[in-house]
Amino acid sequence: MRVSENDPALLDELLVCRLDSGRRNLEPCSIIIFGASGDLTARKLVPALYHLFLGRQMPMPFRIIGFARRAKTDEAWREELHEALTRFSRTRPIDEEVWRQFAANVHYCQGEFHELAAYTRLKHLLRGFGDPSLANNLLCYLATSPSQFGVVAERLSAAALIDKSGERGWQRLVIEKPFGADLASARQLNTELTRYAHETQLFRIDHYLGKETVQNLLMFRFSNSIFERLWNRDAIEHVQITVSEQHGVGSRGGYYEESGALRDMVQNHLLQVLALMAMEAPVSLEAEAIRDEKVKLLKAIRVWAPEQVLQQVVRGQYTAGTVAGKPRPAYRTEEKVAPESSVETYVALRVLIDNWRWSGVPFYLRTGKSLPAAASEVRVQFRPTPHVLFAAQCGPRLDANALTLRLQPDEGITLRFNGKVPGTSLQLRPVRMHFSYDAEFGAYTPEAYERLLLEAMSGDATLFIRRDEVEAAWTFVDAIREGWKGRTLENASFYEAGTWGPAAADALLARYGHTWRNPQAPATP
Ligand code: BG6
């Protein structure tokens with residue numbers, strides 16, 4: 001689909017169409033959730049599927065099959081899901097009549113992931129539905145630990161449940177991060193999976209891409225001429241991308257000790273937001289065209305040499321403190337965390353993009369746990385005016401213009417510029433122009449998983465990560481880890497829970513004459 005640059009009306013229409021595309025013409029299919037007893041199924045997948053059904057967005061007919069180790073009846077699994085839905089649904093109360101209709105399509109298949117006979121049972125179950133589409137069109141959601149991805153794919157292929165030929169309906173594998181722990185293991189995983197499924201059958205989830213506001217980064221950039229003209233090194237001085245979280249690692253200490261903030265957040269979510277923010281315009285709205293541009297951007301990121309890492313990347317770890325009025329233990333005393341752990345719960349880094357558009361513009365990225373606010377935003381700081389006409393009255397430096405794209409919460413966009421304070425004296429003050437999603441469109445925001453499941457069922461891979469994106473991101477992240485190798489955290493790396501990270505993160509920006517602008521804490525914690 002080609003979009004003419006000169007026809008904004010057509011572009012608008014295509015964008016609306018595109019947003020709506022997942023909702024039409026979905027072929028009947030079965031969704032098989034491997035790891036059905038896990039947290040992800042209860043918290044995210046089943047509430048998302050229920051809401052799609054509630055909104056009449058599910059294909060008809062459809063089936064959902066939970067695949068897990070423990071033996072249980074369909075009825076028992078439905079009850080578990082009902083209970084989970086009561087806790088995690090974004091709408092309340094649950095519509096019991098809708099649930100009853102939904103649950104009639106939910107089944108359970110007991111099996112070990114490596115047990116071939118279990119896949120044969122699964123096949124019988126699928127055939128028993130009596131509709132070839134339900135037996136052939138399969139969305140296999142691997143809500144398992146990554147160590148199981150290979151075996152499940154291999155067994156699905158051995159049981160002829162998935163095949164690469166595309167002759168018998170469609171089969172897709174949906175997988176969750178982490179996609180490997182470094183470039184080598186990511187490549188190994190990709191090679192293993194592509195033995196059983198084509199790259200086009202692999203849907204790698206980064207749930208940030210399912211967020212409305214993250215999707216809006218592209219819509220915003222490529223449907224407004226005023227901003228896109230300024231989107232380059234001539235007008236922009238620097239960019240800050242902040243993904244701050246109030247919660248600590250909680251019960252996920254075991255996982256987190258292996259990952260740390262760099263692998264947990266930067267390798268995927270932050271680099272994805274950066275790619276959407278900074279990529280060139282795609283030649284069309286096709287998934288491959290968009291992903292080609294993201295890869296080009298990711299490959300243009302300067303990879304820091306090990307000796308540069310300590311200058312350009314700051315890591316931190318939280319100590320005991322208070323977050324949103326509640327005491328928070330130190331990371332080192334959290335469950336399943338080593339008492340001397342050097343794992344980072346915070347990272348701030350300077351990213352340079354070596355291409356024509358962004359040469360010399362620093363992108364500062366930061367993310368951390370146990371910070372004062374749960375807020376994600378992209379802040380574009382424009383260059384100051386070349387000459388300050390009002391220096392005598394207002395001081396030599398006026399606040400430069402800034403555009404903030406708030407990804408969550410309080411989703412919206414704010415433009416900051418200087419205005420005259422009314423009165424007879426000449427006084428300037430920064431003022432803001434706000435756009436708020438809620439105010440404009442009402443409070444309806446679908447969960448990221450609703451959108452992602454819909455797109456996966458419709459076969460649109462735009463919001464999923466392609467193999468080369470994963471590998472480009474690891475190349476950058478591996479180099480940072482190389483620079484940290486063998487180094488424990490220094491005293492200056494620790495930050496008190498409830499503060500904005502270690503002082504070294506402020507020093508990083510100060511070296512280049514910049515300061516972090518912190519998102520505002522939500523009014524009610
Ligand atoms: C996950 C990370 O991918 O993203 C978590 O593993 C993190 O550690 C979460 O808390 C953040 O997602 P969101 O949607 O709450 O911003």
# chains A, B, ... in the order shown; residues from 1 in each chain; ligands from 1

call {"tool": "select_by_dssp", "arguments": {"residues": "stretch 201-421 of chain A", "states": "helix (DSSP H, G or I)", "output": "JSON list (two decimals) with N, CA and C atoms, in the first residue's frame"}}
result
[["chain", "number", "residue", "atom", "x", "y", "z"],
["A", 201, "GLN", "N", 6.14, -16.83, 10.38],
["A", 201, "GLN", "CA", 5.19, -17.46, 11.30],
["A", 201, "GLN", "C", 5.52, -17.13, 12.76],
["A", 207, "HIS", "N", 5.44, -6.01, 24.45],
["A", 207, "HIS", "CA", 4.10, -5.50, 24.75],
["A", 207, "HIS", "C", 4.03, -3.97, 24.66],
["A", 208, "TYR", "N", 5.20, -3.30, 24.63],
["A", 208, "TYR", "CA", 5.16, -1.84, 24.47],
["A", 208, "TYR", "C", 4.58, -1.46, 23.11],
["A", 209, "LEU", "N", 4.78, -2.31, 22.12],
["A", 209, "LEU", "CA", 4.26, -1.99, 20.79],
["A", 209, "LEU", "C", 2.74, -2.12, 20.74],
["A", 210, "GLY", "N", 2.16, -2.78, 21.73],
["A", 210, "GLY", "CA", 0.71, -2.90, 21.79],
["A", 210, "GLY", "C", 0.06, -1.69, 22.46],
["A", 212, "GLU", "N", -1.29, 1.90, 22.91],
["A", 212, "GLU", "CA", -1.83, 2.90, 21.97],
["A", 212, "GLU", "C", -0.86, 4.05, 21.72],
["A", 213, "THR", "N", -0.27, 4.53, 22.81],
["A", 213, "THR", "CA", 0.56, 5.73, 22.69],
["A", 213, "THR", "C", 1.87, 5.43, 21.98],
["A", 214, "VAL", "N", 2.34, 4.21, 22.10],
["A", 214, "VAL", "CA", 3.57, 3.84, 21.39],
["A", 214, "VAL", "C", 3.25, 3.76, 19.90],
["A", 215, "GLN", "N", 2.08, 3.16, 19.59],
["A", 215, "GLN", "CA", 1.67, 3.13, 18.18],
["A", 215, "GLN", "C", 1.49, 4.55, 17.65],
["A", 216, "ASN", "N", 1.02, 5.42, 18.51],
["A", 216, "ASN", "CA", 0.76, 6.78, 18.05],
["A", 216, "ASN", "C", 2.04, 7.54, 17.67],
["A", 217, "LEU", "N", 3.19, 7.04, 18.13],
["A", 217, "LEU", "CA", 4.44, 7.72, 17.75],
["A", 217, "LEU", "C", 4.54, 7.81, 16.23],
["A", 218, "LEU", "N", 4.20, 6.72, 15.55],
["A", 218, "LEU", "CA", 4.28, 6.74, 14.08],
["A", 218, "LEU", "C", 3.19, 7.59, 13.47],
["A", 219, "MET", "N", 1.98, 7.43, 14.02],
["A", 219, "MET", "CA", 0.85, 8.20, 13.48],
["A", 219, "MET", "C", 1.13, 9.69, 13.64],
["A", 220, "PHE", "N", 1.60, 10.05, 14.81],
["A", 220, "PHE", "CA", 1.89, 11.44, 15.13],
["A", 220, "PHE", "C", 2.95, 12.00, 14.18],
["A", 221, "ARG", "N", 4.02, 11.23, 14.02],
["A", 221, "ARG", "CA", 5.12, 11.73, 13.20],
["A", 221, "ARG", "C", 4.74, 11.84, 11.73],
["A", 222, "PHE", "N", 4.08, 10.82, 11.23],
["A", 222, "PHE", "CA", 3.91, 10.78, 9.77],
["A", 222, "PHE", "C", 2.54, 11.25, 9.29],
["A", 225, "SER", "N", 2.57, 17.50, 9.39],
["A", 225, "SER", "CA", 3.74, 18.06, 8.73],
["A", 225, "SER", "C", 4.52, 19.00, 9.65],
["A", 226, "ILE", "N", 3.85, 19.63, 10.61],
["A", 226, "ILE", "CA", 4.60, 20.63, 11.39],
["A", 226, "ILE", "C", 5.71, 19.99, 12.23],
["A", 227, "PHE", "N", 5.45, 18.83, 12.80],
["A", 227, "PHE", "CA", 6.48, 18.26, 13.66],
["A", 227, "PHE", "C", 7.57, 17.56, 12.85],
["A", 228, "GLU", "N", 7.15, 16.82, 11.83],
["A", 228, "GLU", "CA", 8.13, 16.05, 11.07],
["A", 228, "GLU", "C", 9.21, 16.96, 10.47],
["A", 250, "GLY", "N", 9.84, -7.14, 43.48],
["A", 250, "GLY", "CA", 8.82, -7.97, 44.11],
["A", 250, "GLY", "C", 9.22, -9.44, 44.09],
["A", 251, "SER", "N", 8.31, -10.29, 43.60],
["A", 251, "SER", "CA", 8.59, -11.73, 43.65],
["A", 251, "SER", "C", 9.43, -12.19, 42.45],
["A", 252, "ARG", "N", 9.85, -11.26, 41.57],
["A", 252, "ARG", "CA", 10.57, -11.68, 40.36],
["A", 252, "ARG", "C", 12.08, -11.61, 40.51],
["A", 253, "GLY", "N", 12.54, -11.63, 41.77],
["A", 253, "GLY", "CA", 13.98, -11.51, 42.03],
["A", 253, "GLY", "C", 14.82, -12.54, 41.27],
["A", 254, "GLY", "N", 14.32, -13.79, 41.21],
["A", 254, "GLY", "CA", 15.07, -14.86, 40.56],
["A", 254, "GLY", "C", 15.32, -14.53, 39.10],
["A", 255, "TYR", "N", 14.26, -14.13, 38.40],
["A", 255, "TYR", "CA", 14.38, -13.74, 36.98],
["A", 255, "TYR", "C", 15.28, -12.52, 36.84],
["A", 256, "TYR", "N", 15.05, -11.55, 37.71],
["A", 256, "TYR", "CA", 15.73, -10.27, 37.56],
["A", 256, "TYR", "C", 17.24, -10.38, 37.78],
["A", 257, "GLU", "N", 17.63, -11.29, 38.68],
["A", 257, "GLU", "CA", 19.06, -11.50, 38.91],
["A", 257, "GLU", "C", 19.76, -11.93, 37.63],
["A", 258, "GLU", "N", 19.04, -12.61, 36.76],
["A", 258, "GLU", "CA", 19.60, -13.05, 35.48],
["A", 258, "GLU", "C", 19.54, -11.96, 34.43],
["A", 259, "SER", "N", 18.58, -11.04, 34.59],
["A", 259, "SER", "CA", 18.40, -10.10, 33.48],
["A", 259, "SER", "C", 18.94, -8.71, 33.81],
["A", 260, "GLY", "N", 18.47, -8.09, 34.91],
["A", 260, "GLY", "CA", 18.85, -6.71, 35.19],
["A", 260, "GLY", "C", 18.09, -5.78, 34.24],
["A", 261, "ALA", "N", 18.12, -4.49, 34.55],
["A", 261, "ALA", "CA", 17.32, -3.53, 33.80],
["A", 261, "ALA", "C", 17.75, -3.42, 32.33],
["A", 262, "LEU", "N", 19.03, -3.60, 32.06],
["A", 262, "LEU", "CA", 19.51, -3.44, 30.69],
["A", 262, "LEU", "C", 18.85, -4.47, 29.77],
["A", 263, "ARG", "N", 18.86, -5.74, 30.21],
["A", 263, "ARG", "CA", 18.26, -6.76, 29.36],
["A", 263, "ARG", "C", 16.74, -6.79, 29.47],
["A", 264, "ASP", "N", 16.24, -6.46, 30.67],
["A", 264, "ASP", "CA", 14.79, -6.53, 30.90],
["A", 264, "ASP", "C", 14.04, -5.42, 30.18],
["A", 265, "MET", "N", 14.63, -4.25, 30.11],
["A", 265, "MET", "CA", 13.88, -3.08, 29.61],
["A", 265, "MET", "C", 14.55, -2.38, 28.40],
["A", 266, "VAL", "N", 15.87, -2.20, 28.47],
["A", 266, "VAL", "CA", 16.52, -1.40, 27.42],
["A", 266, "VAL", "C", 16.57, -2.18, 26.11],
["A", 267, "GLN", "N", 16.98, -3.44, 26.19],
["A", 267, "GLN", "CA", 17.17, -4.23, 24.96],
["A", 267, "GLN", "C", 15.89, -4.26, 24.12],
["A", 268, "ASN", "N", 14.76, -4.18, 24.77],
["A", 268, "ASN", "CA", 13.50, -4.32, 24.05],
["A", 268, "ASN", "C", 12.70, -3.02, 24.08],
["A", 269, "HIS", "N", 12.02, -2.75, 25.21],
["A", 269, "HIS", "CA", 11.05, -1.65, 25.22],
["A", 269, "HIS", "C", 11.67, -0.29, 24.87],
["A", 270, "LEU", "N", 12.80, 0.04, 25.52],
["A", 270, "LEU", "CA", 13.34, 1.38, 25.29],
["A", 270, "LEU", "C", 13.89, 1.53, 23.87],
["A", 271, "LEU", "N", 14.55, 0.49, 23.38],
["A", 271, "LEU", "CA", 15.10, 0.60, 22.02],
["A", 271, "LEU", "C", 13.98, 0.60, 20.99],
["A", 272, "GLN", "N", 12.87, -0.07, 21.29],
["A", 272, "GLN", "CA", 11.74, -0.04, 20.37],
["A", 272, "GLN", "C", 11.14, 1.37, 20.31],
["A", 273, "VAL", "N", 10.97, 1.97, 21.47],
["A", 273, "VAL", "CA", 10.42, 3.34, 21.50],
["A", 273, "VAL", "C", 11.38, 4.27, 20.76],
["A", 274, "LEU", "N", 12.67, 4.10, 21.01],
["A", 274, "LEU", "CA", 13.67, 4.92, 20.31],
["A", 274, "LEU", "C", 13.56, 4.73, 18.80],
["A", 275, "ALA", "N", 13.42, 3.48, 18.37],
["A", 275, "ALA", "CA", 13.37, 3.21, 16.93],
["A", 275, "ALA", "C", 12.16, 3.90, 16.30],
["A", 276, "LEU", "N", 11.02, 3.82, 16.96],
["A", 276, "LEU", "CA", 9.81, 4.45, 16.39],
["A", 276, "LEU", "C", 9.93, 5.96, 16.39],
["A", 277, "MET", "N", 10.58, 6.46, 17.42],
["A", 277, "MET", "CA", 10.73, 7.91, 17.54],
["A", 277, "MET", "C", 11.69, 8.47, 16.47],
["A", 278, "ALA", "N", 12.70, 7.67, 16.11],
["A", 278, "ALA", "CA", 13.78, 8.23, 15.31],
["A", 278, "ALA", "C", 13.89, 7.68, 13.89],
["A", 287, "ALA", "N", 4.02, -4.28, 7.14],
["A", 287, "ALA", "CA", 4.84, -4.67, 8.29],
["A", 287, "ALA", "C", 6.33, -4.64, 7.93],
["A", 288, "GLU", "N", 6.67, -5.20, 6.78],
["A", 288, "GLU", "CA", 8.10, -5.29, 6.45],
["A", 288, "GLU", "C", 8.70, -3.92, 6.21],
["A", 289, "ALA", "N", 7.93, -3.03, 5.63],
["A", 289, "ALA", "CA", 8.46, -1.69, 5.35],
["A", 289, "ALA", "C", 8.75, -0.97, 6.67],
["A", 290, "ILE", "N", 7.84, -1.09, 7.62],
["A", 290, "ILE", "CA", 8.05, -0.43, 8.91],
["A", 290, "ILE", "C", 9.22, -1.08, 9.65],
["A", 291, "ARG", "N", 9.26, -2.40, 9.62],
["A", 291, "ARG", "CA", 10.33, -3.07, 10.35],
["A", 291, "ARG", "C", 11.69, -2.85, 9.70],
["A", 292, "ASP", "N", 11.72, -2.70, 8.37],
["A", 292, "ASP", "CA", 12.98, -2.37, 7.69],
["A", 292, "ASP", "C", 13.55, -1.06, 8.24],
["A", 293, "GLU", "N", 12.66, -0.09, 8.42],
["A", 293, "GLU", "CA", 13.14, 1.21, 8.90],
["A", 293, "GLU", "C", 13.61, 1.13, 10.34],
["A", 294, "LYS", "N", 12.91, 0.34, 11.14],
["A", 294, "LYS", "CA", 13.35, 0.21, 12.54],
["A", 294, "LYS", "C", 14.74, -0.44, 12.60],
["A", 295, "VAL", "N", 14.93, -1.45, 11.78],
["A", 295, "VAL", "CA", 16.23, -2.13, 11.79],
["A", 295, "VAL", "C", 17.33, -1.17, 11.35],
["A", 296, "LYS", "N", 17.05, -0.37, 10.32],
["A", 296, "LYS", "CA", 18.07, 0.57, 9.85],
["A", 296, "LYS", "C", 18.46, 1.51, 10.98],
["A", 297, "LEU", "N", 17.46, 1.95, 11.74],
["A", 297, "LEU", "CA", 17.74, 2.86, 12.85],
["A", 297, "LEU", "C", 18.57, 2.14, 13.93],
["A", 298, "LEU", "N", 18.14, 0.94, 14.27],
["A", 298, "LEU", "CA", 18.85, 0.22, 15.34],
["A", 298, "LEU", "C", 20.30, -0.04, 14.95],
["A", 299, "LYS", "N", 20.49, -0.28, 13.66],
["A", 299, "LYS", "CA", 21.87, -0.54, 13.20],
["A", 299, "LYS", "C", 22.71, 0.74, 13.16],
["A", 300, "ALA", "N", 22.04, 1.89, 13.14],
["A", 300, "ALA", "CA", 22.79, 3.15, 13.09],
["A", 300, "ALA", "C", 23.20, 3.62, 14.49],
["A", 306, "PRO", "N", 34.12, -0.99, 24.99],
["A", 306, "PRO", "CA", 34.10, -1.26, 26.44],
["A", 306, "PRO", "C", 34.62, -0.09, 27.28],
["A", 307, "GLU", "N", 35.68, 0.58, 26.80],
["A", 307, "GLU", "CA", 36.23, 1.68, 27.62],
["A", 307, "GLU", "C", 35.34, 2.92, 27.60],
["A", 308, "GLN", "N", 34.40, 3.00, 26.63],
["A", 308, "GLN", "CA", 33.48, 4.16, 26.60],
["A", 308, "GLN", "C", 32.25, 3.92, 27.47],
["A", 309, "VAL", "N", 32.00, 2.63, 27.76],
["A", 309, "VAL", "CA", 30.76, 2.29, 28.46],
["A", 309, "VAL", "C", 30.66, 3.02, 29.80],
["A", 310, "LEU", "N", 31.78, 3.08, 30.54],
["A", 310, "LEU", "CA", 31.70, 3.69, 31.87],
["A", 310, "LEU", "C", 31.41, 5.19, 31.78],
["A", 311, "GLN", "N", 31.76, 5.79, 30.65],
["A", 311, "GLN", "CA", 31.46, 7.21, 30.47],
["A", 311, "GLN", "C", 30.02, 7.45, 30.02],
["A", 312, "GLN", "N", 29.51, 6.53, 29.23],
["A", 312, "GLN", "CA", 28.24, 6.78, 28.52],
["A", 312, "GLN", "C", 27.04, 6.07, 29.13],
["A", 331, "TYR", "N", 17.08, -3.61, 47.17],
["A", 331, "TYR", "CA", 17.05, -4.70, 46.18],
["A", 331, "TYR", "C", 17.76, -5.94, 46.73],
["A", 332, "ARG", "N", 18.91, -5.72, 47.38],
["A", 332, "ARG", "CA", 19.70, -6.86, 47.85],
["A", 332, "ARG", "C", 19.00, -7.69, 48.91],
["A", 333, "THR", "N", 17.94, -7.16, 49.49],
["A", 333, "THR", "CA", 17.23, -7.95, 50.51],
["A", 333, "THR", "C", 15.91, -8.50, 49.95],
["A", 391, "ALA", "N", 17.16, 39.27, 26.79],
["A", 391, "ALA", "CA", 18.17, 38.95, 27.80],
["A", 391, "ALA", "C", 18.18, 39.95, 28.95],
["A", 392, "ALA", "N", 18.03, 41.23, 28.64],
["A", 392, "ALA", "CA", 18.11, 42.24, 29.69],
["A", 392, "ALA", "C", 17.00, 42.04, 30.71],
["A", 393, "GLN", "N", 15.83, 41.64, 30.24],
["A", 393, "GLN", "CA", 14.68, 41.50, 31.15],
["A", 393, "GLN", "C", 14.59, 40.11, 31.76],
["A", 394, "CYS", "N", 14.96, 39.08, 30.98],
["A", 394, "CYS", "CA", 14.63, 37.71, 31.41],
["A", 394, "CYS", "C", 15.86, 36.84, 31.64]]

call {"tool": "residues_around", "arguments": {"residues": "stretch 180-195 of chain A", "least_positions_apart": "2", "cutoff": "9 Å", "atoms": "only C-alpha atoms", "output": "NGL selection string"}}
result
:A and (146 or 149-150 or 153-154 or 177-178 or 197-199 or 201-202 or 258-259 or 263 or 467 or 470-475 or 477-478)

call {"tool": "closest_residue", "arguments": {"among": "A:Gly66, A:Pro93, A:Gly248, A:Gly501", "to": "ligand 1", "atoms": "only C-alpha atoms and all ligand atoms"}}
result
A:Gly248

call {"tool": "closest_residue", "arguments": {"among": "A:Gly513, A:Gly486, A:Gly368, A:Pro384", "to": "ligand 1", "atoms": "only C-alpha atoms and all ligand atoms"}}
result
A:Gly368

call {"tool": "residues_around", "arguments": {"residues": "A:Arg204", "least_positions_apart": "6", "cutoff": "9 Å", "atoms": "only C-alpha atoms", "output": "PyMOL selection string"}}
result
chain A and resi 173-177+179+461+463-467

call {"tool": "write_last_selection", "arguments": {"atoms": "N, CA and C atoms", "output": "PDB file, in the first residue's frame"}}
result
ATOM      1  N   LEU A 173       3.520 -18.929  15.748  1.00  0.00           N
ATOM      2  CA  LEU A 173       4.044 -19.087  17.103  1.00  0.00           C
ATOM      3  C   LEU A 173       4.225 -17.702  17.704  1.00  0.00           C
ATOM      4  N   VAL A 174       3.593 -17.478  18.835  1.00  0.00           N
ATOM      5  CA  VAL A 174       3.761 -16.195  19.511  1.00  0.00           C
ATOM      6  C   VAL A 174       4.694 -16.430  20.688  1.00  0.00           C
ATOM      7  N   ILE A 175       5.774 -15.655  20.757  1.00  0.00           N
ATOM      8  CA  ILE A 175       6.683 -15.835  21.891  1.00  0.00           C
ATOM      9  C   ILE A 175       6.938 -14.507  22.598  1.00  0.00           C
ATOM     10  N   GLU A 176       7.255 -14.659  23.868  1.00  0.00           N
ATOM     11  CA  GLU A 176       7.477 -13.498  24.735  1.00  0.00           C
ATOM     12  C   GLU A 176       8.960 -13.354  24.987  1.00  0.00           C
ATOM     13  N   LYS A 177       9.406 -12.148  25.261  1.00  0.00           N
ATOM     14  CA  LYS A 177      10.789 -11.962  25.636  1.00  0.00           C
ATOM     15  C   LYS A 177      11.085 -12.709  26.946  1.00  0.00           C
ATOM     16  N   PHE A 179      14.168 -12.832  24.289  1.00  0.00           N
ATOM     17  CA  PHE A 179      14.579 -13.577  23.096  1.00  0.00           C
ATOM     18  C   PHE A 179      16.085 -13.749  23.194  1.00  0.00           C
ATOM     19  N   ALA A 461       2.116  -8.543  11.154  1.00  0.00           N
ATOM     20  CA  ALA A 461       3.302  -8.613  12.025  1.00  0.00           C
ATOM     21  C   ALA A 461       3.888  -7.245  12.365  1.00  0.00           C
ATOM     22  N   LEU A 463       3.360  -5.061  14.594  1.00  0.00           N
ATOM     23  CA  LEU A 463       3.638  -4.756  16.002  1.00  0.00           C
ATOM     24  C   LEU A 463       4.510  -5.822  16.667  1.00  0.00           C
ATOM     25  N   PHE A 464       5.115  -6.675  15.880  1.00  0.00           N
ATOM     26  CA  PHE A 464       5.957  -7.735  16.443  1.00  0.00           C
ATOM     27  C   PHE A 464       7.396  -7.537  15.959  1.00  0.00           C
ATOM     28  N   ILE A 465       8.304  -8.128  16.714  1.00  0.00           N
ATOM     29  CA  ILE A 465       9.720  -7.841  16.470  1.00  0.00           C
ATOM     30  C   ILE A 465      10.321  -8.872  15.512  1.00  0.00           C
ATOM     31  N   ARG A 466      10.983  -8.384  14.496  1.00  0.00           N
ATOM     32  CA  ARG A 466      11.587  -9.287  13.532  1.00  0.00           C
ATOM     33  C   ARG A 466      12.969  -9.735  14.035  1.00  0.00           C
ATOM     34  N   ARG A 467      13.403 -10.857  13.502  1.00  0.00           N
ATOM     35  CA  ARG A 467      14.683 -11.427  13.925  1.00  0.00           C
ATOM     36  C   ARG A 467      15.828 -10.412  13.903  1.00  0.00           C
TER      37      ARG A 467
END

call {"tool": "closest_residue", "arguments": {"among": "A:Asp399, A:Asp131, A:Glu286, A:Glu245", "to": "ligand 1", "atoms": "only C-alpha atoms and all ligand atoms"}}
result
A:Glu245

call {"tool": "atom_distance", "arguments": {"atom1": "atom CA of A:Leu139", "atom2": "atom CA of A:Ile33"}}
result
8.4 Å

call {"tool": "closest_residue", "arguments": {"among": "A:Val347, A:Ile94, A:Ala104, A:Val388", "to": "A:Val313", "atoms": "only C-alpha atoms"}}
result
A:Val347
